[in-house]
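Notes follow once the structure below has been shown.
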Amino acid sequence: MPTPHSGFAALVGRPNVGKSTLLNRLVGEKIAIVSPKPQTTRSRITGVVNSPEGQVAFVDTPGIHEAKGALNKAMVEAALATLQDADVVLFLVEPSLGPDGKTPAVTPGVRTILERLAPLQKPVLLVVNKVDTVPKPLLLPFVAAVSAVRPFAEVLFVSALTGDGVAELLRTTLAMLPEGPPLFDPDTFTDQQEVGLAAELIREQVLRHCRQEVPHASAVVVDAFDESERAPLPGRRPGGLQGLVRIHATLFVERDSQKAIVIGKRGAMLKAIGTDARKALARLLGTHVYLDLRVKVEPRWTETERGLRKVGLT
Ligand SMILES: Nc1nc2c(ncn2[C@@H]2O[C@H](COP(=O)(O)OP(=O)(O)OP(=O)(O)O)[C@@H](O)[C@H]2O)c(=O)[nH]1
Ligand SMILES: [Mg+2]
């Protein structure tokens, strides 16, 4: 038996490059919400993956961007703090083209993050995600452009969507971690609690259904999570929905106009969000779900520390 390796691997990069999709793919469970809109993830999410060679705790982080306002600053700080705690850094990028629309090139946003990574005294792997979206001949010139800014310990090509290259990424990451016993109980796969995940799944539906400034201005707090009609743990059977969980949640937005959008004509939008959220919650919990979702305006909550506290983000 080879000596096992274990440790923390940070998943960092620009918003929307597929960090959370990759985390879910690695763990094999949906522990992080995903959306086509940037700035979906707001705090760190750990996903633990076990293999015969050891254990990796992957840490998904908010996308690093030019932060303005308390929410954005807290998100970027969470991502940067993860860099300090990690044994290995996985820097995720998606292939990008320069101004001519043909030649692969590094965007200014990626360049800025690379500068931030420069002082780190630990292995940094370049992970090119979304390889399913570009012609193969563009990949090597793209890597050459990124590697010209700084060298990487390894370069990996993956598609978090199809799973291509993900097993190889796990093997390579493990090999770079220090030797040592697992840090987490092998049955643990995430640090996320059910109640927090429930709030995130509701927010995911807000992101899916609403456009423009609403996603960024939305936060979800679970006010009550009543499990009294849920089957007791040892009695739970796999498959099917058993028992009922009653969830009362508040969806915070920043302005009356946003409240009007999420409620919609005669409540149609809120109903659609609620219906889809209830289905996602039922899948997560394995129970029927009663969901009471209210909308509240918390003016400019994204701008201040006090606002973040009000919506449960600190
Ligand atoms: N085609 C393709 N799409 C992908 C891939 N990985 C992720 N996506 C899509 O890219 C979008 C963003 O994915 P996320 O996982 O939310 O990205 P993220 O990096 O976590 O974004 P933030 O949390 O905002 O920083 C979603 O629409 C995903 O479905 C991939 O390998 N291929
Ligand atoms: Mg994310």
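Identifiers for the structure tokens are assigned positionally: chains receive A, B, ... in sequence, residues are indexed from 1 per chain, and ligands are indexed from 1 in the order shown.
With only C-alpha atoms and all ligand atoms counted, the chains near ligand 1 contribute these residues within 6 Å: Pro15, Asn16, Val17, Gly18, Lys19, Ser20, Thr21, Val34, Ser35, Pro36, Pro38, Gln39, Thr40, Thr41, Pro62, Gly63, Asn129, Lys130, Asp132, Thr133, Ser159, Ala160 and Leu161 of chain A.
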Write the residues of the selection above to a file with C-alpha atoms, as a short mmCIF file (atom, residue, chain, number, x, y, z; two decimals), in the first residue's frame.
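New file again_26.cif:
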```cif
data_model
loop_
_atom_site.label_atom_id
_atom_site.label_comp_id
_atom_site.auth_asym_id
_atom_site.auth_seq_id
_atom_site.Cartn_x
_atom_site.Cartn_y
_atom_site.Cartn_z
CA PRO A 15 -16.32 34.33 -11.57
CA ASN A 16 -18.22 31.88 -13.76
CA VAL A 17 -15.28 29.69 -14.87
CA GLY A 18 -16.92 26.58 -13.40
CA LYS A 19 -15.37 26.18 -9.92
CA SER A 20 -18.60 25.08 -8.25
CA THR A 21 -19.54 22.79 -11.13
CA VAL A 34 -24.24 26.83 -9.98
CA SER A 35 -25.54 29.43 -12.41
CA PRO A 36 -24.64 31.04 -15.72
CA PRO A 38 -21.08 35.54 -12.38
CA GLN A 39 -20.67 35.85 -8.61
CA THR A 40 -22.90 32.92 -7.73
CA THR A 41 -20.80 31.50 -4.89
CA PRO A 62 -16.20 33.01 -4.73
CA GLY A 63 -14.84 34.32 -8.04
CA ASN A 129 -12.04 24.09 -17.75
CA LYS A 130 -14.84 24.07 -20.35
CA ASP A 132 -15.88 21.05 -24.43
CA THR A 133 -16.60 24.60 -25.65
CA SER A 159 -14.73 19.71 -18.58
CA ALA A 160 -16.58 19.91 -15.28
CA LEU A 161 -19.77 19.57 -17.30
#
```
Alpha helix (DSSP H) positions in segment 21-218 of chain A, given as a ChimeraX atom specification: /A:21-27,69-85,108-117,139-149,166-176,194-209,214-217
Per-residue DSSP, segment 106-166 of chain A, filtered to strand (DSSP E or B), as an NGL selection string: :A and (124-128 or 154-157)
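Put simply, atom CA of Ala78 of chain A is 26.3 Å away from atom CA of Arg171 of chain A.
Using only C-alpha atoms, the smallest distance between any of A:Val158, A:Ala105, A:Met75, A:Val289 and Leu138 of chain A comes from A:Ala105.
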Selection: 6 Å around Ala153 of chain A, only C-alpha atoms, excl. self and same-chain fewer than 5 positions, as a ChimeraX atom specification: /A:123-125
Contacts of segment 238-253 of chain A at 6 Å (only C-alpha atoms; same-chain gap of 6+ positions) as a list in words: Ala217, Ser218, Ala219, Val220, Val221, Val222, Asp223, Ala224, Phe225, Asp226, Glu227, Glu229, Arg230, Ala231, Gly286, Thr287, His288, Val289, Tyr290, Leu291, Asp292, Leu293, Arg294, Val295, Lys296 and Val297 of chain A
Separation of atom CA of Ala277 of chain A from atom CA of Gln193 of chain A in Å: 17.1 Å
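Candidate residues A:Leu120, A:Glu204, A:Glu168, A:Ser51 were compared for distance to ligand 2, and the nearest is A:Glu204, using only C-alpha atoms and all ligand atoms.
Residue nearest Leu270 of chain A within the list A:Lys136, A:His209, A:Arg236, A:His216: A:His209 [criterion: smallest interatomic distance, only C-alpha atoms].
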Interatomic distance, atom CA of Pro299 of chain A to atom CA of Arg14 of chain A (Å, one decimal): 27.8 Å
Residue neighbourhood Gly69 of chain A, 8 Å, only C-alpha atoms, exclusion window fewer than 6 positions, as a list in words: Thr302, Glu303 and Thr304 of chain A
Go ahead and save the residues from that selection, with C-alpha atoms, as a PDB file, in the first residue's frame.
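Listing of again.pdb after writing:
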```pdb
ATOM      1  CA  THR A 302     -24.920  44.476  -0.112  1.00  0.00           C
ATOM      2  CA  GLU A 303     -23.142  47.730   0.688  1.00  0.00           C
ATOM      3  CA  THR A 304     -22.533  47.513   4.420  1.00  0.00           C
TER       4      THR A 304
END
```
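Counting only C-alpha atoms and comparing A:Pro104, A:Gly7, A:Gly235, A:Gly47, the residue that lies closest to Thr188 of chain A is A:Gly47.
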